[in-house]
Structures are given as structure tokens and as C-alpha cells.
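Chemist: Below is the file input.txt, with compact mmCIF, C-alpha atoms.
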# COMPACT_ATOMS: atom_id res chain seq x y z
CA MET A 1 -0.69 -10.66 -42.33
CA PRO A 2 1.61 -13.57 -41.60
CA LYS A 3 4.66 -11.62 -40.44
CA HIS A 4 6.91 -12.17 -37.45
CA GLN A 5 5.54 -10.58 -34.32
CA PRO A 6 7.88 -9.12 -31.71
CA PRO A 7 8.27 -11.05 -28.43
CA ARG A 8 5.96 -9.88 -25.66
CA ALA A 9 6.08 -9.75 -21.88
CA ARG A 10 5.18 -12.86 -19.91
CA LYS A 11 1.89 -12.79 -17.95
CA ARG A 12 1.37 -9.36 -16.34
CA PRO A 13 1.87 -9.31 -12.56
CA LYS A 14 -0.94 -8.09 -10.28
CA GLN A 15 0.93 -7.67 -6.99
CA SER A 16 1.89 -4.03 -6.46
CA ARG A 17 5.57 -4.82 -5.81
CA SER A 18 5.78 -6.75 -9.08
CA VAL A 19 3.87 -4.07 -11.01
CA MET A 20 6.41 -1.53 -9.73
CA ALA A 21 9.31 -3.74 -10.84
CA VAL A 22 7.85 -4.03 -14.36
CA GLN A 23 7.38 -0.26 -14.52
CA ALA A 24 10.95 0.29 -13.34
CA ILE A 25 12.22 -2.07 -16.07
CA GLN A 26 10.22 -0.28 -18.79
CA GLN A 27 11.36 3.14 -17.55
CA ALA A 28 15.00 1.99 -17.37
CA CYS A 29 14.80 0.73 -20.97
CA LEU A 30 13.41 4.08 -22.13
CA ASN A 31 16.04 6.04 -20.17
CA ILE A 32 18.89 3.99 -21.65
CA LEU A 33 17.55 4.47 -25.18
CA ASN A 34 17.23 8.22 -24.67
CA SER A 35 20.52 8.83 -22.91
CA GLU A 36 22.90 6.08 -24.06
CA GLY A 37 21.34 4.82 -27.30
CA ALA A 38 20.11 1.45 -28.59
CA ASP A 39 23.68 0.10 -28.96
CA LYS A 40 24.08 0.16 -25.19
CA LEU A 41 20.80 -1.59 -24.43
CA THR A 42 21.22 -5.01 -22.78
CA THR A 43 19.06 -6.79 -20.21
CA GLU A 44 22.00 -6.48 -17.76
CA ARG A 45 22.13 -2.71 -18.24
CA ILE A 46 18.32 -2.49 -17.90
CA ALA A 47 18.40 -4.47 -14.63
CA ASP A 48 21.23 -2.25 -13.39
CA VAL A 49 19.47 1.06 -14.18
CA ALA A 50 16.11 -0.25 -12.91
CA GLY A 51 17.73 -1.37 -9.66
CA VAL A 52 16.29 -4.87 -9.95
CA ASN A 53 17.88 -8.30 -10.09
CA ILE A 54 18.56 -9.68 -13.59
CA ALA A 55 16.52 -12.76 -12.58
CA SER A 56 13.53 -10.46 -11.95
CA VAL A 57 13.87 -9.04 -15.46
CA TYR A 58 13.65 -12.56 -16.92
CA GLN A 59 10.75 -13.36 -14.62
CA TYR A 60 8.64 -10.77 -16.44
CA PHE A 61 10.22 -10.62 -19.92
CA PRO A 62 11.62 -13.46 -22.06
CA ASN A 63 14.23 -11.13 -23.62
CA LYS A 64 15.23 -7.56 -24.43
CA GLU A 65 12.88 -7.30 -27.42
CA ALA A 66 9.89 -8.03 -25.18
CA ILE A 67 10.84 -5.03 -23.01
CA LEU A 68 11.23 -2.92 -26.16
CA SER A 69 7.74 -4.03 -27.26
CA ASP A 70 6.31 -2.65 -24.02
CA VAL A 71 8.18 0.64 -24.42
CA TYR A 72 6.95 0.96 -28.01
CA GLU A 73 3.37 0.17 -26.97
CA GLU A 74 3.52 2.95 -24.40
CA LEU A 75 4.99 5.40 -26.93
CA LEU A 76 2.32 4.47 -29.49
CA THR A 77 -0.45 5.06 -26.96
CA GLU A 78 0.92 8.52 -26.16
CA MET A 79 1.35 9.26 -29.87
CA ALA A 80 -2.17 8.14 -30.71
CA ASP A 81 -3.49 10.47 -27.99
CA ARG A 82 -1.50 13.40 -29.40
CA ALA A 83 -2.45 12.48 -32.98
CA ALA A 84 -6.14 12.45 -32.06
CA GLN A 85 -5.67 16.01 -30.71
CA ARG A 86 -3.74 17.17 -33.80
CA PHE A 87 -6.48 15.58 -35.85
CA LEU A 88 -8.99 18.11 -34.50
CA GLU A 89 -6.76 20.89 -35.86
CA ILE A 90 -6.41 19.05 -39.17
CA GLN A 91 -10.19 18.71 -39.40
CA ALA A 92 -10.50 22.46 -38.98
CA LEU A 93 -7.94 22.96 -41.79
CA ALA A 94 -9.92 20.57 -43.97
CA GLU A 95 -12.76 23.08 -44.11
CA GLU A 96 -10.40 25.61 -45.67
CA SER A 97 -7.85 23.97 -47.94
CA LEU A 98 -7.04 20.49 -49.16
CA GLU A 99 -3.41 21.51 -49.71
CA ALA A 100 -3.03 22.70 -46.11
CA THR A 101 -4.73 19.51 -44.88
CA LEU A 102 -2.47 17.16 -46.83
CA THR A 103 0.59 19.20 -45.79
CA ALA A 104 -0.38 18.80 -42.13
CA ILE A 105 -1.00 15.07 -42.58
CA ILE A 106 2.41 14.56 -44.26
CA ASP A 107 4.16 16.54 -41.51
CA LEU A 108 2.40 14.60 -38.76
CA GLU A 109 3.17 11.21 -40.33
CA CYS A 110 6.84 12.05 -40.95
CA GLU A 111 7.27 13.27 -37.37
CA GLN A 112 5.58 10.17 -35.94
CA LEU A 113 7.78 7.81 -37.96
CA LEU A 114 10.95 9.72 -37.08
CA ALA A 115 10.07 9.60 -33.37
CA LEU A 116 9.29 5.88 -33.49
CA GLN A 117 12.44 5.11 -35.42
CA SER A 118 14.82 7.25 -33.39
CA LEU A 119 14.19 5.24 -30.23
CA ASP A 120 15.65 1.97 -31.59
CA PRO A 121 16.03 2.03 -35.40
CA ASN A 122 16.71 -1.69 -35.89
CA PHE A 123 13.92 -2.86 -33.63
CA PHE A 124 11.42 -0.50 -35.26
CA LEU A 125 12.38 -1.45 -38.82
CA LYS A 126 12.05 -5.11 -37.95
CA TYR A 127 8.62 -4.89 -36.30
CA GLN A 128 7.07 -1.70 -37.67
CA HIS A 129 4.13 -3.68 -39.09
CA SER A 130 3.14 -4.43 -35.46
CA PHE A 131 3.23 -0.78 -34.40
CA ASP A 132 0.68 0.86 -36.68
CA ILE A 133 -0.20 4.33 -35.53
CA HIS A 134 -3.28 4.61 -37.81
CA GLN A 135 -4.78 1.52 -36.23
CA ARG A 136 -4.32 3.00 -32.74
CA VAL A 137 -5.78 6.34 -33.76
CA ASN A 138 -8.74 4.51 -35.32
CA GLU A 139 -9.34 2.58 -32.11
CA LEU A 140 -9.41 5.90 -30.23
CA THR A 141 -11.62 7.82 -32.66
CA GLN A 142 -14.03 4.94 -33.25
CA SER A 143 -14.47 4.45 -29.51
CA GLN A 144 -15.87 8.02 -29.66
CA SER A 145 -18.11 7.06 -32.62
CA ASN A 146 -16.02 9.17 -35.00
CA PRO A 147 -15.17 7.97 -38.51
CA SER A 148 -11.97 5.98 -39.09
CA TRP A 149 -8.97 7.64 -40.76
CA GLU A 150 -9.92 5.90 -44.02
CA GLU A 151 -13.57 7.03 -43.89
CA TRP A 152 -12.61 10.57 -42.93
CA LEU A 153 -10.13 10.87 -45.81
CA ASP A 154 -12.67 9.52 -48.31
CA GLN A 155 -15.24 12.07 -47.13
CA LEU A 156 -12.65 14.85 -47.41
CA LEU A 157 -11.82 13.85 -50.98
CA GLN A 158 -15.51 13.75 -51.91
CA ARG A 159 -15.99 17.30 -50.62
CA SER A 160 -12.76 18.83 -51.97
CA CYS A 161 -11.94 17.04 -55.24
CA PRO A 162 -13.45 16.74 -58.70
CA PRO A 163 -15.95 13.88 -58.90
CA SER A 164 -14.37 10.59 -59.92
CA GLU A 165 -15.90 7.36 -61.17
CA GLN A 166 -13.16 5.63 -59.21
CA ALA A 167 -13.62 7.48 -55.90
CA GLU A 168 -12.94 4.34 -53.85
CA LEU A 169 -9.72 3.55 -55.73
CA ARG A 170 -8.67 7.19 -55.51
CA GLY A 171 -8.88 7.14 -51.71
CA LEU A 172 -7.08 3.80 -51.57
CA LEU A 173 -4.24 4.96 -53.84
CA LEU A 174 -3.87 8.21 -51.91
CA ARG A 175 -3.49 6.36 -48.60
CA GLN A 176 -1.24 3.68 -50.05
CA SER A 177 0.99 6.22 -51.81
CA LEU A 178 1.40 8.10 -48.56
CA GLN A 179 2.02 4.97 -46.48
CA GLY A 180 4.17 3.22 -49.10
CA ASN A 181 6.41 6.22 -49.73
CA LEU A 182 6.89 6.93 -46.04
CA HIS A 183 7.73 3.33 -45.17
CA ILE A 184 10.15 2.74 -48.05
CA THR A 185 11.82 6.09 -47.32
CA LEU A 186 12.09 5.21 -43.63
CA ARG A 187 13.81 1.96 -44.59
CA ASP A 188 16.13 3.24 -47.35
CA ARG A 189 16.61 7.00 -46.86
CA PRO A 190 15.33 7.94 -43.36
CA GLU A 191 17.11 11.31 -43.45
CA LEU A 192 14.69 12.41 -46.21
CA LEU A 193 11.71 12.27 -43.84
CA SER A 194 12.89 15.50 -42.22
CA SER A 195 13.66 17.17 -45.55
CA ALA A 196 11.29 19.97 -46.65
CA SER A 197 11.96 19.16 -50.34
CA PHE A 198 10.94 15.54 -49.85
CA ARG A 199 7.72 16.48 -48.08
CA LYS A 200 6.94 19.05 -50.78
CA GLU A 201 7.41 16.52 -53.59
CA LEU A 202 5.22 14.01 -51.74
CA LEU A 203 2.53 16.70 -51.43
CA LYS A 204 2.84 17.43 -55.15
CA LEU A 205 2.37 13.74 -55.94
CA LEU A 206 -0.70 13.31 -53.72
CA LEU A 207 -2.38 16.64 -54.41
CA GLY A 208 -1.79 16.40 -58.17
CA TYR A 209 -3.44 13.00 -58.23
CA VAL A 210 -6.57 13.73 -56.20
CA GLN A 211 -7.12 17.13 -57.88
CA ALA A 212 -6.78 15.77 -61.41
CA PRO A 213 -10.07 15.85 -63.35
CA MET B 214 17.30 -4.40 -43.73
CA PRO B 215 17.00 -6.40 -40.51
CA LYS B 216 14.07 -8.59 -41.51
CA HIS B 217 13.55 -12.31 -41.08
CA GLN B 218 15.10 -14.31 -43.90
CA PRO B 219 13.49 -17.54 -45.10
CA PRO B 220 15.22 -20.82 -44.19
CA ARG B 221 17.59 -22.10 -46.87
CA ALA B 222 18.82 -25.51 -48.04
CA ARG B 223 21.66 -27.18 -46.19
CA LYS B 224 25.02 -27.44 -48.00
CA ARG B 225 24.49 -28.25 -51.69
CA PRO B 226 25.42 -31.82 -52.66
CA LYS B 227 27.98 -32.43 -55.42
CA GLN B 228 27.47 -36.15 -56.05
CA SER B 229 25.23 -36.67 -59.08
CA ARG B 230 22.81 -38.99 -57.23
CA SER B 231 22.33 -36.38 -54.50
CA VAL B 232 21.98 -33.55 -57.01
CA MET B 233 19.21 -35.55 -58.69
CA ALA B 234 17.46 -36.11 -55.39
CA VAL B 235 17.49 -32.38 -54.63
CA GLN B 236 16.11 -31.61 -58.09
CA ALA B 237 13.39 -34.22 -57.62
CA ILE B 238 12.44 -32.62 -54.30
CA GLN B 239 12.26 -29.14 -55.81
CA GLN B 240 10.23 -30.38 -58.77
CA ALA B 241 7.86 -32.30 -56.50
CA CYS B 242 7.28 -29.16 -54.42
CA LEU B 243 6.48 -27.15 -57.55
CA ASN B 244 4.16 -29.87 -58.89
CA ILE B 245 2.23 -30.07 -55.61
CA LEU B 246 1.82 -26.28 -55.50
CA ASN B 247 0.58 -26.20 -59.09
CA SER B 248 -1.75 -29.19 -58.94
CA GLU B 249 -2.84 -29.52 -55.30
CA GLY B 250 -2.18 -26.09 -53.81
CA ALA B 251 -0.12 -24.75 -50.91
CA ASP B 252 -2.55 -26.17 -48.32
CA LYS B 253 -1.56 -29.68 -49.31
CA LEU B 254 2.20 -29.05 -49.18
CA THR B 255 4.00 -31.06 -46.47
CA THR B 256 7.49 -32.55 -46.42
CA GLU B 257 5.86 -36.01 -46.34
CA ARG B 258 3.86 -35.26 -49.50
CA ILE B 259 6.98 -33.83 -51.17
CA ALA B 260 9.02 -36.96 -50.35
CA ASP B 261 6.16 -39.10 -51.64
CA VAL B 262 5.79 -37.25 -54.97
CA ALA B 263 9.59 -37.00 -55.41
CA GLY B 264 9.96 -40.72 -54.76
CA VAL B 265 12.61 -40.18 -52.10
CA ASN B 266 12.81 -41.15 -48.45
CA ILE B 267 11.61 -38.49 -45.97
CA ALA B 268 15.04 -38.78 -44.27
CA SER B 269 16.66 -37.75 -47.56
CA VAL B 270 14.47 -34.65 -47.70
CA TYR B 271 15.70 -33.61 -44.24
CA GLN B 272 19.27 -34.42 -45.24
CA TYR B 273 19.16 -31.59 -47.78
CA PHE B 274 16.55 -29.21 -46.34
CA PRO B 275 15.91 -28.24 -42.70
CA ASN B 276 12.18 -27.80 -43.36
CA LYS B 277 9.43 -27.16 -45.92
CA GLU B 278 10.14 -23.42 -46.13
CA ALA B 279 13.74 -24.13 -47.23
CA ILE B 280 12.38 -26.17 -50.15
CA LEU B 281 9.96 -23.34 -50.97
CA SER B 282 12.91 -20.89 -50.93
CA ASP B 283 14.64 -22.96 -53.62
CA VAL B 284 11.47 -23.12 -55.72
CA TYR B 285 11.02 -19.35 -55.41
CA GLU B 286 14.68 -18.73 -56.31
CA GLU B 287 14.24 -20.79 -59.47
CA LEU B 288 11.01 -18.95 -60.38
CA LEU B 289 12.67 -15.58 -59.77
CA THR B 290 15.58 -16.49 -62.03
CA GLU B 291 13.18 -17.46 -64.83
CA MET B 292 11.15 -14.30 -64.25
CA ALA B 293 14.21 -12.06 -64.29
CA ASP B 294 15.23 -13.63 -67.63
CA ARG B 295 11.79 -12.99 -69.09
CA ALA B 296 11.65 -9.49 -67.57
CA ALA B 297 15.01 -8.61 -69.15
CA GLN B 298 13.52 -9.65 -72.53
CA ARG B 299 10.30 -7.68 -71.95
CA PHE B 300 12.49 -4.79 -70.95
CA LEU B 301 13.90 -4.58 -74.49
CA GLU B 302 10.32 -4.11 -75.76
CA ILE B 303 9.67 -1.53 -73.04
CA GLN B 304 12.82 0.36 -74.03
CA ALA B 305 11.51 0.53 -77.61
CA LEU B 306 8.17 1.89 -76.29
CA ALA B 307 10.09 4.47 -74.27
CA GLU B 308 11.21 6.18 -77.48
CA GLU B 309 7.58 6.72 -78.39
CA SER B 310 5.41 7.41 -75.36
CA LEU B 311 5.89 7.77 -71.63
CA GLU B 312 2.28 6.72 -71.07
CA ALA B 313 2.75 3.48 -73.02
CA THR B 314 6.01 2.82 -71.17
CA LEU B 315 4.52 3.28 -67.72
CA THR B 316 1.50 1.19 -68.71
CA ALA B 317 3.79 -1.66 -69.77
CA ILE B 318 5.81 -1.36 -66.55
CA ILE B 319 2.66 -1.47 -64.39
CA ASP B 320 1.34 -4.49 -66.30
CA LEU B 321 4.65 -6.33 -66.01
CA GLU B 322 4.98 -5.65 -62.28
CA CYS B 323 1.39 -6.68 -61.51
CA GLU B 324 1.79 -9.92 -63.47
CA GLN B 325 5.09 -10.75 -61.76
CA LEU B 326 3.64 -10.20 -58.30
CA LEU B 327 0.51 -12.21 -59.08
CA ALA B 328 2.63 -15.12 -60.37
CA LEU B 329 4.91 -15.03 -57.33
CA GLN B 330 2.00 -14.84 -54.95
CA SER B 331 -0.18 -17.48 -56.56
CA LEU B 332 2.39 -20.22 -55.92
CA ASP B 333 2.18 -20.01 -52.12
CA PRO B 334 0.46 -16.80 -50.93
CA ASN B 335 1.42 -17.06 -47.25
CA PHE B 336 5.05 -17.93 -47.89
CA PHE B 337 5.41 -15.10 -50.41
CA LEU B 338 3.76 -12.48 -48.19
CA LYS B 339 6.01 -13.47 -45.30
CA TYR B 340 9.29 -13.37 -47.22
CA GLN B 341 8.62 -11.11 -50.22
CA HIS B 342 11.41 -8.73 -49.13
CA SER B 343 13.86 -11.58 -49.87
CA PHE B 344 12.52 -12.18 -53.38
CA ASP B 345 13.02 -8.83 -55.08
CA ILE B 346 12.59 -9.09 -58.82
CA HIS B 347 14.14 -5.64 -59.50
CA GLN B 348 17.33 -6.70 -57.78
CA ARG B 349 17.56 -9.85 -59.92
CA VAL B 350 16.87 -7.94 -63.12
CA ASN B 351 19.53 -5.40 -62.13
CA GLU B 352 22.06 -8.16 -61.56
CA LEU B 353 21.31 -9.45 -65.07
CA THR B 354 21.37 -6.10 -66.88
CA GLN B 355 24.39 -4.79 -65.01
CA SER B 356 26.35 -7.94 -65.84
CA GLN B 357 25.83 -6.81 -69.44
CA SER B 358 27.00 -3.26 -68.57
CA ASN B 359 23.48 -1.89 -69.00
CA PRO B 360 22.05 0.71 -66.59
CA SER B 361 20.13 -0.42 -63.51
CA TRP B 362 16.34 -0.12 -63.41
CA GLU B 363 16.71 3.00 -61.27
CA GLU B 364 19.21 4.67 -63.62
CA TRP B 365 17.18 3.74 -66.69
CA LEU B 366 13.99 5.20 -65.21
CA ASP B 367 15.75 8.42 -64.22
CA GLN B 368 17.12 8.80 -67.75
CA LEU B 369 13.65 8.17 -69.19
CA LEU B 370 12.12 10.86 -66.97
CA GLN B 371 14.84 13.33 -67.95
CA ARG B 372 14.09 12.79 -71.64
CA SER B 373 10.30 12.66 -71.43
CA CYS B 374 9.25 14.99 -68.60
CA PRO B 375 9.34 18.72 -67.89
CA PRO B 376 12.62 19.73 -66.22
CA SER B 377 12.44 19.58 -62.42
CA GLU B 378 14.68 21.03 -59.76
CA GLN B 379 13.95 17.88 -57.81
CA ALA B 380 14.70 15.36 -60.57
CA GLU B 381 16.31 12.91 -58.15
CA LEU B 382 13.37 13.03 -55.73
CA ARG B 383 10.93 12.74 -58.64
CA GLY B 384 12.53 9.47 -59.76
CA LEU B 385 12.60 8.19 -56.19
CA LEU B 386 8.95 9.02 -55.53
CA LEU B 387 7.89 7.48 -58.84
CA ARG B 388 9.61 4.18 -58.03
CA GLN B 389 8.47 4.17 -54.41
CA SER B 390 4.86 4.98 -55.34
CA LEU B 391 4.85 2.10 -57.79
CA GLN B 392 6.52 -0.33 -55.40
CA GLY B 393 4.62 0.83 -52.31
CA ASN B 394 1.20 0.68 -53.96
CA LEU B 395 1.83 -2.73 -55.49
CA HIS B 396 3.09 -4.26 -52.25
CA ILE B 397 0.35 -2.85 -50.03
CA THR B 398 -2.28 -3.91 -52.59
CA LEU B 399 -0.75 -7.40 -52.78
CA ARG B 400 -1.03 -7.65 -49.01
CA ASP B 401 -4.49 -6.13 -48.50
CA ARG B 402 -6.41 -6.40 -51.79
CA PRO B 403 -4.53 -8.82 -54.09
CA GLU B 404 -7.54 -9.20 -56.40
CA LEU B 405 -7.08 -5.55 -57.46
CA LEU B 406 -3.71 -6.30 -59.11
CA SER B 407 -5.54 -7.94 -62.01
CA SER B 408 -8.16 -5.16 -62.26
CA ALA B 409 -7.88 -2.83 -65.26
CA SER B 410 -9.40 0.07 -63.23
CA PHE B 411 -6.76 -0.30 -60.54
CA ARG B 412 -3.90 -0.31 -63.04
CA LYS B 413 -5.43 2.71 -64.83
CA GLU B 414 -5.68 4.71 -61.60
CA LEU B 415 -2.10 3.81 -60.71
CA LEU B 416 -1.00 5.03 -64.17
CA LYS B 417 -2.94 8.27 -63.62
CA LEU B 418 -1.18 8.81 -60.30
CA LEU B 419 2.32 8.17 -61.66
CA LEU B 420 1.93 9.90 -65.02
CA GLY B 421 0.21 12.94 -63.52
CA TYR B 422 3.06 13.38 -61.08
CA VAL B 423 6.01 13.08 -63.46
CA GLN B 424 4.32 15.17 -66.18
CA ALA B 425 3.35 18.01 -63.84
CA PRO B 426 5.32 21.20 -64.52
Output the structure of this file as C-alpha cells.

Modeler:
Amino acid sequence: MPKHQPPRARKRPKQSRSVMAVQAIQQACLNILNSEGADKLTTERIADVAGVNIASVYQYFPNKEAILSDVYEELLTEMADRAAQRFLEIQALAEESLEATLTAIIDLECEQLLALQSLDPNFFLKYQHSFDIHQRVNELTQSQSNPSWEEWLDQLLQRSCPPSEQAELRGLLLRQSLQGNLHITLRDRPELLSSASFRKELLKLLLGYVQAP
Amino acid sequence: MPKHQPPRARKRPKQSRSVMAVQAIQQACLNILNSEGADKLTTERIADVAGVNIASVYQYFPNKEAILSDVYEELLTEMADRAAQRFLEIQALAEESLEATLTAIIDLECEQLLALQSLDPNFFLKYQHSFDIHQRVNELTQSQSNPSWEEWLDQLLQRSCPPSEQAELRGLLLRQSLQGNLHITLRDRPELLSSASFRKELLKLLLGYVQAP
């Protein structure tokens, strides 16, 4: 997809002193975001909190957004790990009830997006296409020879829903409706992602569609 | 929304000779896209077909994408005019059947996106957030003191659907599901936008949701 990619770090250092400096810069960025907020984030402030020279910051990162990219990568890796764990619980639910399964998926996706956005809302909105949690979870699960998110959802629908001549399209529209609604809501009405009414209506939309004869 | 905007033309000329040169450049760009395809589009080829000096092209436009922006603006204006006309037919349908109305809306939206994308697929995918047909149609209809697309759709749902405690969310999710599905499909599976099965499944999703008690 020909979209703008966020800036990335320059070549990774191998020397232990340099590796430590890069880690200090990333940690300082995260600390500032959590305690002072994205408005206060500058490379000067990052250098200050990390206890490194501003020249060192620019030695490793072309600009502030490249540091943010690293922090987001780290957060995504942690999230994908947690999501893969939650996924085991969701798989257990899937044996019992499609409604409970879709509810858990909606809750998980809303929480992930809210966490990603809260760190630096403008940065995340601008580059969210580069930080795709499903892709990371798929990399994890497929490395363990498990089905991808898409395959798993299609199998779930085949087991739990009325047969459809358009089973492939049904799975596609279910995933796209979930993803599309969450991303447009994140952009235009982010406060709705934590609203129980919003999540309930989204469930009604998805469940009604896949359960229709 | 903090997304990358496409480059735009430099200051518009007022002298008639310059205005004609700009129009010739825009027309040449459109002709090349229609007859030779986006792969063949370069500023040199545009200057050649327009019969102007390459230096003149750069006098008015910083680069090829700025010329494409103008061509897309023109296409969007024409499309919004046509859509406002089609909308009168859709309003007449709305008195009769919600299913027919949603079918007509899905068809119109798919055709608009296919036309916008076919001109220069990569340019449109990259900047589609800047070329929003609903916004243009709203500007047109509101200048005539008619309701916006969003207001009109909400009124339609109120007349044609079972009462809902979440009427506002229902309208929002309907619009977002339509927009989200069309944009993700355009990005990932554009060939589906012209498929009758795809449009039928999308109708089933939307109609099932708004008609559910």
C-alpha cells in the first residue's frame, strides 16, 4: 500500500555503550509520553531525561518520529504477545458461544487501539497503517504453525453460522466491518471506543450479519 | 486528520495566456491517463502533449502530483454534480423501499470509487482521504439548504426502520460500515467493487443491521 511510512532509526549500534544509549533514549521517550504527554515531547527533552547528549540522539535517530517508531514497535511486540495469550481464552470461548467470542474480540480490539492511541494520538493516527496488530499476531501464531487470524475466523464462522454460498465474502465483510468501524471511530470519535453502547451496537451489526440465514 | 496532503499547484495565474497554459497542462495529464495510462505519466510527457515548455509546467506546478491533484479536483467536482443529480432519484426511491435505496447507494459509491481509482490507482490510494466525495456532495447540497448526507440518512432510517434507543449510533455504524468496507476493499481487493455478489453481501450486512428490532 503506497502510504507514507514513519521515519526509522539509523543503523542499529552493536557496541554495548551505544546499545545502552539507544535503550535510554527509547525509555526516556516512553517516560515523557506517560508522565508529561505527547505535547511535551521534543528531542531536547528526550536527551535531557535519557541523560545523553543531544548529538548522540541525532547519531542514532534522524528525528523525534523515528524514536516514536521504536517505542511503538516495542509496544506492538508486547501487545502481540498479550493478544496471543488472550487469543487462547477466546478460542476456548469459541467452543461455547459465537456471541461471547465476538464480544471478546471487540473488547480486545478496542482496548488495543485505545492503548496505542493514548501514547501519542497524532503520531498514531498518522502512521497507524504501519502499526498493524493483526499482522504482528499473525507472525507470532504462524511461527507456531497456528492458523492466521483470518483463517481462524473463517473456520469459526463455518462451525457456528448457517451455511452460506458466499462464505468467503462473509468472512471478509465481517473482518472489514470490524476493522473499518474501529479505525473510522478512532479517527473521528475516539471516545466511543470505550463506550459500552458503541461496542454493543457493533456486536449487533456483526452478529446479525453472520447469523443471518 | 493529520495525514499527508497531496502537493498542490503554485499560485493560480490570472493572465489569460497563463490560464490557458494551465488548462492545457491539466487536459494533457487527463488525456495521457486515459489513453496511455498512469505508468506513462511524466512531467516531460505532459509538457509534450500540452505543447508547452517543460519550464512552464514547473512554473505552475511543483511536480507531477500537483498536476494530478488538479485533475482529481476537477473529476471530483464533476462527480459531485452528477451524484447530487442521482441523489434526487435516490430520494424518490427512499419513499418506496429501504432495500432499493441502499442498493442504489452501494452502486453509486462503488462506481465513484472505481472511477476515481482507475485514473491513477497509486495516486488515489495514497491521497484518497483528501478526495472525499461525500464532503463535496455535502458542500453542494448544503449550499442549497438541503440536509447533509449524514442528516438525510439518519432521517431515512428513522422513517423506515424499527425504533432504536441507539438511533444515533445506528446511523453512524451504517455509514462507517459502508465507508470502511468500500475503502478497505478498494485497497486490498479492488476487483470486488464491481462484483454483484460483493455488493449483495454488503447490502445484506447493512440492511440486516438497520432492520433488526

Chemist: Please report as JSON, numbers by chain which residues of chain A come no farther than 9 Å from chain B, using only C-alpha atoms.

Modeler: {"A": [1, 2, 3, 4, 122, 123, 125, 126, 127, 166, 169, 170, 173, 174, 176, 177, 178, 179, 180, 181, 182, 183, 184, 185, 187, 188, 197, 198, 201, 202, 204, 205, 206, 208, 209, 210, 212]}

Chemist: May I have the selected residues written with C-alpha atoms, as a compact mmCIF listing (two decimals), in the coordinates of the input?

Modeler:
# COMPACT_ATOMS: atom_id res chain seq x y z
CA MET A 1 -0.69 -10.66 -42.33
CA PRO A 2 1.61 -13.57 -41.60
CA LYS A 3 4.66 -11.62 -40.44
CA HIS A 4 6.91 -12.17 -37.45
CA ASN A 122 16.71 -1.69 -35.89
CA PHE A 123 13.92 -2.86 -33.63
CA LEU A 125 12.38 -1.45 -38.82
CA LYS A 126 12.05 -5.11 -37.95
CA TYR A 127 8.62 -4.89 -36.30
CA GLN A 166 -13.16 5.63 -59.21
CA LEU A 169 -9.72 3.55 -55.73
CA ARG A 170 -8.67 7.19 -55.51
CA LEU A 173 -4.24 4.96 -53.84
CA LEU A 174 -3.87 8.21 -51.91
CA GLN A 176 -1.24 3.68 -50.05
CA SER A 177 0.99 6.22 -51.81
CA LEU A 178 1.40 8.10 -48.56
CA GLN A 179 2.02 4.97 -46.48
CA GLY A 180 4.17 3.22 -49.10
CA ASN A 181 6.41 6.22 -49.73
CA LEU A 182 6.89 6.93 -46.04
CA HIS A 183 7.73 3.33 -45.17
CA ILE A 184 10.15 2.74 -48.05
CA THR A 185 11.82 6.09 -47.32
CA ARG A 187 13.81 1.96 -44.59
CA ASP A 188 16.13 3.24 -47.35
CA SER A 197 11.96 19.16 -50.34
CA PHE A 198 10.94 15.54 -49.85
CA GLU A 201 7.41 16.52 -53.59
CA LEU A 202 5.22 14.01 -51.74
CA LYS A 204 2.84 17.43 -55.15
CA LEU A 205 2.37 13.74 -55.94
CA LEU A 206 -0.70 13.31 -53.72
CA GLY A 208 -1.79 16.40 -58.17
CA TYR A 209 -3.44 13.00 -58.23
CA VAL A 210 -6.57 13.73 -56.20
CA ALA A 212 -6.78 15.77 -61.41

Chemist: If I take atom CA of B:Asp320 and atom CA of B:Leu366, how far is one from the other in Å, to one decimal?

Modeler: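 Going from atom CA of B:Asp320 over to atom CA of B:Leu366, I get 16.0 Å.
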
Chemist: Using Å and a single decimal, report how far atom CA of B:Arg225 sits from atom CA of B:Tyr273.

Modeler: 7.4 Å

Chemist: Which residues are near stretch 261-266 of chain B? Cut-off 7 Å, all atoms listed in the file, ignore same chain within fewer than 5 positions. Put them as number ranges by chain.

Modeler: B: 237-238, 241

Chemist: At what distance in Å, to one decimal, does atom CA of A:Cys29 lie from atom CA of A:Val57?

Modeler: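 Atom CA of A:Cys29 lies 11.3 Å from atom CA of A:Val57.
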
Chemist: Which residue out of A:Ala47, A:Leu140, A:Ile106, A:Leu157 has the minimum interatomic distance to A:Ser195 when only C-alpha atoms are used?

Modeler: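 That would be A:Ile106, the residue with the smallest distance to A:Ser195.
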
Chemist: Which neighbours of A:Leu75 fall inside 10 Å, counting all atoms listed in the file, when residues of the same chain fewer than 5 positions from it are skipped, and could you give them as a list in words?

Modeler: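 Once the adjacent positions are removed, what remains is Leu30, Ser69, Asp70, Ala80, Asp81, Ala115, Leu116, Leu119 and Phe131 of chain A.
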
Chemist: For A:Ile67, which residue out of A:Lys40, A:Ala92, A:Ile105, A:Gln26 is the nearest one, using only C-alpha atoms?

Modeler: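 Closest to A:Ile67 of all the choices is A:Gln26.
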
Chemist: Of the candidates B:Asp333, B:Glu364, B:Glu291, B:Glu308, which shows the shortest atom-to-atom distance to B:Leu254, using all atoms listed in the file?

Modeler: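 Nearest to B:Leu254: B:Asp333.
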